[in-house]
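As provided, entry-v3.pdb (PDB, C-alpha atoms) reads as follows.
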```pdb
ATOM      1  CA  MET A   1     -30.764  34.204  41.291
ATOM      2  CA  ALA A   2     -30.822  30.412  41.709
ATOM      3  CA  ASN A   3     -32.917  30.015  38.535
ATOM      4  CA  LYS A   4     -30.441  32.122  36.525
ATOM      5  CA  THR A   5     -27.560  30.006  37.815
ATOM      6  CA  ASP A   6     -29.335  26.761  36.928
ATOM      7  CA  ASN A   7     -30.185  28.049  33.420
ATOM      8  CA  SER A   8     -26.601  29.117  32.824
ATOM      9  CA  ARG A   9     -25.278  25.770  34.026
ATOM     10  CA  ARG A  10     -27.812  23.923  31.852
ATOM     11  CA  LYS A  11     -26.848  25.913  28.725
ATOM     12  CA  PHE A  12     -23.165  25.324  29.431
ATOM     13  CA  LEU A  13     -23.663  21.566  29.745
ATOM     14  CA  GLN A  14     -25.724  21.493  26.552
ATOM     15  CA  LYS A  15     -22.956  23.286  24.652
ATOM     16  CA  LEU A  16     -20.360  20.970  26.155
ATOM     17  CA  GLY A  17     -22.386  17.933  25.067
ATOM     18  CA  ILE A  18     -22.690  19.243  21.507
ATOM     19  CA  ALA A  19     -18.962  19.948  21.343
ATOM     20  CA  GLY A  20     -18.156  16.510  22.700
ATOM     21  CA  ALA A  21     -20.449  14.825  20.199
ATOM     22  CA  SER A  22     -18.808  16.777  17.373
ATOM     23  CA  THR A  23     -15.371  15.697  18.526
ATOM     24  CA  VAL A  24     -16.416  12.056  18.638
ATOM     25  CA  ALA A  25     -18.034  12.303  15.207
ATOM     26  CA  GLY A  26     -14.908  13.941  13.802
ATOM     27  CA  SER A  27     -12.739  11.170  15.207
ATOM     28  CA  ALA A  28     -14.981   8.549  13.662
ATOM     29  CA  LEU A  29     -14.640  10.206  10.266
ATOM     30  CA  LEU A  30     -10.901  10.559  10.669
ATOM     31  CA  LEU A  31     -10.491   6.845  11.302
ATOM     32  CA  GLN A  32     -13.128   5.497   8.970
ATOM     33  CA  GLY A  33     -12.688   1.790   8.566
ATOM     34  CA  CYS A  34     -11.494   1.395  12.159
ATOM     35  CA  SER A  35     -13.552  -0.083  14.972
ATOM     36  CA  ASP A  36     -13.354   0.334  18.737
ATOM     37  CA  SER A  37     -15.579  -2.660  19.480
ATOM     38  CA  ASN A  38     -12.583  -4.842  20.329
ATOM     39  CA  LYS A  39     -10.414  -4.468  23.387
ATOM     40  CA  ALA A  40      -7.091  -2.747  22.844
ATOM     41  CA  SER A  41      -4.189  -5.129  22.251
ATOM     42  CA  GLY A  42      -1.458  -2.637  23.101
ATOM     43  CA  ASN A  43       0.100  -3.167  19.666
ATOM     44  CA  LYS A  44      -0.179   0.125  17.784
ATOM     45  CA  VAL A  45       0.566   0.928  14.156
ATOM     46  CA  LYS A  46       0.610   4.140  12.163
ATOM     47  CA  VAL A  47      -1.987   4.339   9.412
ATOM     48  CA  LEU A  48      -3.104   6.897   6.861
ATOM     49  CA  THR A  49      -6.586   8.338   6.924
ATOM     50  CA  ALA A  50      -8.607   9.063   3.809
ATOM     51  CA  ASP A  51      -7.363  12.676   3.889
ATOM     52  CA  ASN A  52      -3.700  11.562   4.085
ATOM     53  CA  LYS A  53      -3.134  12.217   7.784
ATOM     54  CA  LEU A  54      -0.825   9.906   9.721
ATOM     55  CA  VAL A  55      -2.391   8.629  12.944
ATOM     56  CA  GLU A  56      -1.564   5.883  15.429
ATOM     57  CA  VAL A  57      -4.214   3.288  16.285
ATOM     58  CA  ASP A  58      -4.423  -0.048  18.040
ATOM     59  CA  VAL A  59      -4.406  -3.004  15.633
ATOM     60  CA  ALA A  60      -7.409  -4.493  17.451
ATOM     61  CA  HIS A  61      -9.462  -1.495  16.306
ATOM     62  CA  LEU A  62      -8.822  -2.016  12.592
ATOM     63  CA  LYS A  63     -11.262  -3.659  10.247
ATOM     64  CA  PRO A  64     -11.840  -3.643   6.473
ATOM     65  CA  GLY A  65     -13.996  -0.822   5.198
ATOM     66  CA  ASP A  66     -16.052  -0.269   2.092
ATOM     67  CA  LYS A  67     -14.128  -0.278  -1.168
ATOM     68  CA  ILE A  68     -14.161   2.890  -3.247
ATOM     69  CA  GLN A  69     -15.957   2.311  -6.542
ATOM     70  CA  ASP A  70     -15.275   5.621  -8.302
ATOM     71  CA  LEU A  71     -12.614   5.123 -10.997
ATOM     72  CA  SER A  72     -11.955   8.834 -11.541
ATOM     73  CA  TYR A  73     -11.292   9.343  -7.820
ATOM     74  CA  LEU A  74      -8.964   6.322  -7.653
ATOM     75  CA  GLN A  75      -7.066   7.531 -10.732
ATOM     76  CA  LYS A  76      -6.646  11.010  -9.285
ATOM     77  CA  ARG A  77      -5.524   9.715  -5.896
ATOM     78  CA  GLY A  78      -3.109   7.253  -7.468
ATOM     79  CA  ARG A  79      -1.445   9.964  -9.547
ATOM     80  CA  GLU A  80      -1.157  12.649  -6.890
ATOM     81  CA  GLY A  81       0.731  10.983  -4.059
ATOM     82  CA  ILE A  82       1.156  12.643  -0.669
ATOM     83  CA  PRO A  83       2.809  16.105  -0.566
ATOM     84  CA  GLY A  84       5.818  16.484   1.701
ATOM     85  CA  LYS A  85       6.179  12.732   2.379
ATOM     86  CA  LYS A  86       8.609  10.087   1.177
ATOM     87  CA  PHE A  87       7.931   6.371   1.581
ATOM     88  CA  VAL A  88      10.658   3.750   1.708
ATOM     89  CA  MET A  89      10.726  -0.013   2.212
ATOM     90  CA  VAL A  90      13.670  -1.492   4.118
ATOM     91  CA  VAL A  91      14.713  -5.144   4.020
ATOM     92  CA  ASP A  92      16.813  -6.454   6.927
ATOM     93  CA  LEU A  93      18.993  -9.017   5.166
ATOM     94  CA  ALA A  94      20.190 -10.416   8.493
ATOM     95  CA  LYS A  95      16.644 -11.614   9.217
ATOM     96  CA  CYS A  96      15.752 -13.021   5.798
ATOM     97  CA  LYS A  97      15.722 -16.852   5.973
ATOM     98  CA  ASN A  98      14.479 -17.557   2.424
ATOM     99  CA  ALA A  99      10.997 -18.441   3.634
ATOM    100  CA  ARG A 100       9.755 -16.899   0.346
ATOM    101  CA  LYS A 101       6.417 -16.120   1.976
ATOM    102  CA  CYS A 102       6.804 -12.499   0.850
ATOM    103  CA  MET A 103       6.769 -13.819  -2.725
ATOM    104  CA  LYS A 104       3.598 -15.832  -2.130
ATOM    105  CA  ALA A 105       1.877 -12.903  -0.391
ATOM    106  CA  CYS A 106       2.761 -10.619  -3.296
ATOM    107  CA  GLN A 107       1.490 -13.130  -5.849
ATOM    108  CA  SER A 108      -1.761 -13.512  -3.934
ATOM    109  CA  ALA A 109      -2.284  -9.750  -3.575
ATOM    110  CA  HIS A 110      -1.661  -8.919  -7.233
ATOM    111  CA  GLN A 111      -3.252 -11.793  -9.171
ATOM    112  CA  LEU A 112       0.096 -13.268 -10.165
ATOM    113  CA  LYS A 113       0.436 -16.826 -11.411
ATOM    114  CA  PRO A 114       3.093 -19.128  -9.876
ATOM    115  CA  GLU A 115       5.611 -18.347 -12.620
ATOM    116  CA  MET A 116       5.153 -14.574 -12.173
ATOM    117  CA  HIS A 117       6.666 -12.581  -9.328
ATOM    118  CA  HIS A 118       7.588  -9.025  -8.375
ATOM    119  CA  ILE A 119       9.734 -10.138  -5.439
ATOM    120  CA  ASN A 120      12.413 -12.748  -5.965
ATOM    121  CA  VAL A 121      14.655 -14.001  -3.143
ATOM    122  CA  LEU A 122      18.228 -14.535  -4.339
ATOM    123  CA  GLU A 123      21.168 -16.284  -2.710
ATOM    124  CA  MET A 124      24.091 -13.861  -2.605
ATOM    125  CA  GLU A 125      27.766 -14.520  -1.880
ATOM    126  CA  ASP A 126      29.747 -12.390   0.578
ATOM    127  CA  PRO A 127      33.289 -12.287  -0.899
ATOM    128  CA  VAL A 128      34.810 -11.037   2.358
ATOM    129  CA  LYS A 129      33.223 -13.419   4.857
ATOM    130  CA  LYS A 130      33.062 -16.261   2.326
ATOM    131  CA  THR A 131      29.450 -16.921   3.290
ATOM    132  CA  SER A 132      26.099 -16.572   1.564
ATOM    133  CA  TYR A 133      22.983 -14.633   2.502
ATOM    134  CA  TRP A 134      19.466 -14.178   1.145
ATOM    135  CA  MET A 135      18.342 -10.961  -0.552
ATOM    136  CA  PRO A 136      14.750 -10.221  -1.639
ATOM    137  CA  LYS A 137      14.967  -8.332  -4.954
ATOM    138  CA  THR A 138      12.121  -5.883  -5.494
ATOM    139  CA  CYS A 139      11.318  -2.720  -7.388
ATOM    140  CA  GLN A 140      13.645  -0.055  -5.959
ATOM    141  CA  HIS A 141      11.395   2.942  -6.782
ATOM    142  CA  CYS A 142      14.448   4.705  -8.186
ATOM    143  CA  ASP A 143      15.009   8.450  -7.869
ATOM    144  CA  ASN A 144      15.475   8.554 -11.649
ATOM    145  CA  PRO A 145      13.598   5.431 -12.802
ATOM    146  CA  PRO A 146      14.506   4.241 -16.315
ATOM    147  CA  CYS A 147      11.088   2.607 -16.677
ATOM    148  CA  VAL A 148       9.464   6.055 -16.482
ATOM    149  CA  SER A 149      11.684   7.696 -19.083
ATOM    150  CA  VAL A 150      11.036   5.007 -21.724
ATOM    151  CA  CYS A 151       7.243   4.847 -21.346
ATOM    152  CA  PRO A 152       5.691   6.536 -24.420
ATOM    153  CA  VAL A 153       2.214   7.054 -22.940
ATOM    154  CA  ASP A 154       2.894   8.105 -19.308
ATOM    155  CA  ALA A 155       1.502   4.825 -18.032
ATOM    156  CA  THR A 156       4.575   4.401 -15.821
ATOM    157  CA  PHE A 157       5.204   7.402 -13.585
ATOM    158  CA  LYS A 158       6.841   8.466 -10.325
ATOM    159  CA  ARG A 159       4.756  10.169  -7.655
ATOM    160  CA  GLN A 160       5.863  13.079  -5.516
ATOM    161  CA  ASP A 161       6.103  10.783  -2.478
ATOM    162  CA  GLY A 162       8.680   8.547  -4.189
ATOM    163  CA  ILE A 163       6.468   5.687  -5.408
ATOM    164  CA  VAL A 164       6.730   4.386  -8.986
ATOM    165  CA  LEU A 165       3.408   3.116 -10.338
ATOM    166  CA  ILE A 166       1.804   1.725 -13.482
ATOM    167  CA  ASP A 167      -1.529   2.964 -14.771
ATOM    168  CA  ASN A 168      -3.008  -0.024 -16.580
ATOM    169  CA  GLU A 169      -5.769   2.216 -17.923
ATOM    170  CA  ARG A 170      -3.063   3.851 -20.082
ATOM    171  CA  CYS A 171      -0.620   0.955 -20.603
ATOM    172  CA  ILE A 172      -0.458  -0.141 -24.258
ATOM    173  CA  GLY A 173       1.677  -3.233 -23.606
ATOM    174  CA  CYS A 174       4.813  -2.066 -25.453
ATOM    175  CA  ARG A 175       6.981  -3.596 -22.675
ATOM    176  CA  PHE A 176       9.669  -0.892 -22.957
ATOM    177  CA  CYS A 177       9.600  -0.545 -19.153
ATOM    178  CA  VAL A 178      10.153  -4.292 -18.723
ATOM    179  CA  ALA A 179      13.313  -4.064 -20.818
ATOM    180  CA  ALA A 180      14.494  -0.926 -19.016
ATOM    181  CA  CYS A 181      14.015  -2.197 -15.444
ATOM    182  CA  PRO A 182      17.439  -3.260 -14.042
ATOM    183  CA  TYR A 183      15.810  -5.333 -11.284
ATOM    184  CA  SER A 184      13.488  -7.537 -13.378
ATOM    185  CA  ALA A 185      10.662  -6.369 -11.138
ATOM    186  CA  ARG A 186       8.091  -6.113 -13.941
ATOM    187  CA  THR A 187       6.174  -8.814 -15.746
ATOM    188  CA  PHE A 188       3.734  -8.892 -18.650
ATOM    189  CA  ASN A 189       0.264 -10.367 -18.628
ATOM    190  CA  TRP A 190       0.376 -12.539 -21.756
ATOM    191  CA  THR A 191      -2.811 -14.305 -20.687
ATOM    192  CA  GLU A 192      -5.770 -13.527 -18.460
ATOM    193  CA  PRO A 193      -4.539 -12.803 -14.897
ATOM    194  CA  LYS A 194      -5.147 -15.255 -12.082
ATOM    195  CA  ASN A 195      -8.722 -15.229 -10.763
ATOM    196  CA  SER A 196      -9.760 -12.702 -13.417
ATOM    197  CA  ASP A 197     -13.412 -13.764 -13.073
ATOM    198  CA  LYS A 198     -13.302 -12.986  -9.346
ATOM    199  CA  TYR A 199     -12.154  -9.410 -10.056
ATOM    200  CA  ALA A 200     -14.421  -8.845 -13.066
ATOM    201  CA  GLU A 201     -16.624  -6.301 -11.285
ATOM    202  CA  VAL A 202     -13.865  -4.680  -9.185
ATOM    203  CA  THR A 203     -12.987  -1.059  -9.975
ATOM    204  CA  TYR A 204      -9.368  -0.648 -11.057
ATOM    205  CA  ASP A 205      -7.081   0.847  -8.399
ATOM    206  CA  MET A 206      -3.578   1.688  -9.612
ATOM    207  CA  GLU A 207      -2.271   1.887  -6.032
ATOM    208  CA  LEU A 208      -3.119  -1.780  -5.573
ATOM    209  CA  ASN A 209      -2.549  -2.512  -9.266
ATOM    210  CA  VAL A 210      -5.662  -4.692  -9.315
ATOM    211  CA  PRO A 211      -7.532  -5.922 -11.117
ATOM    212  CA  GLN A 212      -4.784  -6.905 -13.533
ATOM    213  CA  LYS A 213      -5.436  -6.715 -17.265
ATOM    214  CA  LYS A 214      -4.345  -8.982 -20.082
ATOM    215  CA  GLY A 215      -1.853  -7.256 -22.406
ATOM    216  CA  THR A 216      -0.483  -4.857 -19.755
ATOM    217  CA  VAL A 217       2.591  -4.709 -17.545
ATOM    218  CA  THR A 218       2.384  -5.392 -13.826
ATOM    219  CA  ASN A 219       4.636  -4.150 -11.040
ATOM    220  CA  VAL A 220       4.508  -4.352  -7.255
ATOM    221  CA  PRO A 221       3.246  -0.962  -6.029
ATOM    222  CA  SER A 222       4.387  -0.949  -2.370
ATOM    223  CA  VAL A 223       2.072   1.998  -1.836
ATOM    224  CA  PRO A 224       0.560   3.200   1.467
ATOM    225  CA  THR A 225      -3.237   3.293   1.556
ATOM    226  CA  VAL A 226      -5.881   4.318   4.070
ATOM    227  CA  CYS A 227      -6.943   1.903   6.789
ATOM    228  CA  ALA A 228     -10.429   1.727   5.280
ATOM    229  CA  LYS A 229      -8.954  -0.653   2.729
ATOM    230  CA  GLU A 230      -8.047  -4.296   3.236
ATOM    231  CA  ASN A 231      -4.740  -3.400   4.888
ATOM    232  CA  CYS A 232      -3.288  -0.398   6.639
ATOM    233  CA  LEU A 233      -0.272  -0.277   4.367
ATOM    234  CA  ILE A 234       0.256  -2.215   1.190
ATOM    235  CA  VAL A 235       3.781  -3.036   2.286
ATOM    236  CA  TYR A 236       2.301  -4.531   5.461
ATOM    237  CA  ARG A 237       0.506  -6.962   3.161
ATOM    238  CA  HIS A 238       3.910  -8.343   2.191
ATOM    239  CA  ALA A 239       5.596  -7.965   5.561
ATOM    240  CA  ARG A 240       3.023  -8.892   8.196
ATOM    241  CA  MET A 241       1.219 -11.451   6.035
ATOM    242  CA  GLY A 242       4.403 -12.821   4.515
ATOM    243  CA  CYS A 243       7.789 -12.579   6.227
ATOM    244  CA  THR A 244       7.520 -14.267   9.622
ATOM    245  CA  THR A 245      10.644 -12.543  10.958
ATOM    246  CA  LEU A 246       9.515  -9.048   9.929
ATOM    247  CA  ALA A 247      12.583  -8.594   7.767
ATOM    248  CA  ILE A 248      10.558  -6.163   5.654
ATOM    249  CA  ARG A 249       9.476  -2.883   7.226
ATOM    250  CA  THR A 250       8.194   0.476   6.057
ATOM    251  CA  LYS A 251       9.022   4.018   7.043
ATOM    252  CA  ILE A 252       7.456   7.368   6.216
ATOM    253  CA  TRP A 253       9.509  10.567   6.233
TER
END
```

Is it possible to give me this structure as structure tokens?
Amino acid sequence: MANKTDNSRRKFLQKLGIAGASTVAGSALLLQGCSDSNKASGNKVKVLTADNKLVEVDVAHLKPGDKIQDLSYLQKRGREGIPGKKFVMVVDLAKCKNARKCMKACQSAHQLKPEMHHINVLEMEDPVKKTSYWMPKTCQHCDNPPCVSVCPVDATFKRQDGIVLIDNERCIGCRFCVAACPYSARTFNWTEPKNSDKYAEVTYDMELNVPQKKGTVTNVPSVPTVCAKENCLIVYRHARMGCTTLAIRTKIW
């Protein structure tokens, strides 16, 4: 009787160990690109996994992962978007102090030369209070974007999650979208983009809109990506690496 009890207990513990190992392995896959080697900081952010699930992790556990090199996969992912989600970027004008670091971060992230920018900080006048304030002007990712309707080759498109993107693999450089954009958020690569030699062997990713290509239009994507990439969210690249007062934030619905 004792032997039967011991065997049953041993089998149960073996099954429990296998189940626990599977759970741990599943968690590791779910948060690929994240590391638990560092101590928790207590500062948590929401990130997207490779299978488009929203999870909350400690920032101390994040690290860059391997870059995806398959162009067909990146093109498919960039076109699809995330079903049932809507991404927005909110700028708190009360906190903007014209530091213009968001502009520099954007230029650095998207191979833009000093005279090129997707974000431009403007001084605005309040006619009621008779005072001025600063307003970062970006792509608004319109519900009915005019840049999409004028593109003859479907290089500019709007995803189901609200993001407007450019596919530089299709862009023919007609610049119709540049003329149609009411926010002057698009620029044209008349010459070789900044640091083009550095990105020569990098696979094109339309969500990042890099590497840039001469003779094509460029636009700030503001697209969420998985934490296995260089940043948890592309908008965080502008906000957390740029604006020191966190005037720029993101939200997912």

Target residues per the PyMOL selection byres ((chain A and resi 213) around 7), formatted as an MDAnalysis selection string: chainID A and resid 189 192:193 211:212 214:216

Since we have the selection now, will you write its residues out, keeping C-alpha atoms, as a tab-separated table (two decimals), in the frame of the given file?
```tsv
chain	number	residue	atom	x	y	z
A	189	ASN	CA	0.26	-10.37	-18.63
A	192	GLU	CA	-5.77	-13.53	-18.46
A	193	PRO	CA	-4.54	-12.80	-14.90
A	211	PRO	CA	-7.53	-5.92	-11.12
A	212	GLN	CA	-4.78	-6.90	-13.53
A	214	LYS	CA	-4.34	-8.98	-20.08
A	215	GLY	CA	-1.85	-7.26	-22.41
A	216	THR	CA	-0.48	-4.86	-19.76
```

Determine the axis-aligned bounding box of all atoms of region 80-95 of chain A present in the file, pad each side by 3 Å, and express its centre and edge lengths in Å to one decimal place as lines of an AutoDock Vina configuration file.
```
center_x = 9.5
center_y = 2.4
center_z = 1.2
size_x = 27.3
size_y = 34.1
size_z = 22.1
```

Against region 115-137 of chain A, which residues of region 162-234 of chain A fall within 12 Å? For each one I want the closest pair of atoms and the distance in Å (one decimal), counting all atoms listed in the file, rows by chain and increasing residue number, as JSON lines.
```
{"residue": "A:Val178", "atom": "CA", "partner": "A:His118", "partner_atom": "CA", "distance": 11.7}
{"residue": "A:Cys181", "atom": "CA", "partner": "A:His118", "partner_atom": "CA", "distance": 11.7}
{"residue": "A:Pro182", "atom": "CA", "partner": "A:Lys137", "partner_atom": "CA", "distance": 10.7}
{"residue": "A:Tyr183", "atom": "CA", "partner": "A:Lys137", "partner_atom": "CA", "distance": 7.1}
{"residue": "A:Ser184", "atom": "CA", "partner": "A:His118", "partner_atom": "CA", "distance": 7.9}
{"residue": "A:Ala185", "atom": "CA", "partner": "A:His118", "partner_atom": "CA", "distance": 4.9}
{"residue": "A:Arg186", "atom": "CA", "partner": "A:His118", "partner_atom": "CA", "distance": 6.3}
{"residue": "A:Thr187", "atom": "CA", "partner": "A:Met116", "partner_atom": "CA", "distance": 6.9}
{"residue": "A:Phe188", "atom": "CA", "partner": "A:Met116", "partner_atom": "CA", "distance": 8.7}
{"residue": "A:Asn189", "atom": "CA", "partner": "A:Met116", "partner_atom": "CA", "distance": 9.1}
{"residue": "A:Trp190", "atom": "CA", "partner": "A:Met116", "partner_atom": "CA", "distance": 10.9}
{"residue": "A:Thr191", "atom": "CA", "partner": "A:Met116", "partner_atom": "CA", "distance": 11.7}
{"residue": "A:Pro193", "atom": "CA", "partner": "A:Met116", "partner_atom": "CA", "distance": 10.2}
{"residue": "A:Lys194", "atom": "CA", "partner": "A:Met116", "partner_atom": "CA", "distance": 10.3}
{"residue": "A:Val217", "atom": "CA", "partner": "A:His118", "partner_atom": "CA", "distance": 11.3}
{"residue": "A:Thr218", "atom": "CA", "partner": "A:His118", "partner_atom": "CA", "distance": 8.4}
{"residue": "A:Asn219", "atom": "CA", "partner": "A:His118", "partner_atom": "CA", "distance": 6.3}
{"residue": "A:Val220", "atom": "CA", "partner": "A:His118", "partner_atom": "CA", "distance": 5.7}
{"residue": "A:Pro221", "atom": "CA", "partner": "A:His118", "partner_atom": "CA", "distance": 9.5}
{"residue": "A:Ser222", "atom": "CA", "partner": "A:His118", "partner_atom": "CA", "distance": 10.6}
```

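Between Pro83 (chain A) and the residues A:Ser41, A:Asn144, A:Gln160, A:Ser108, the shortest atom-to-atom distance, using only C-alpha atoms, involves A:Gln160.
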
Ref. answer, residues at most 8 Å from (7.7, 10.6, 2.1) with only C-alpha atoms, as a ChimeraX atom specification: /A:82-88,161-162,252-253

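Going from CA of Val91 (chain A) over to CA of Ala105 (chain A), you cover 15.6 Å.
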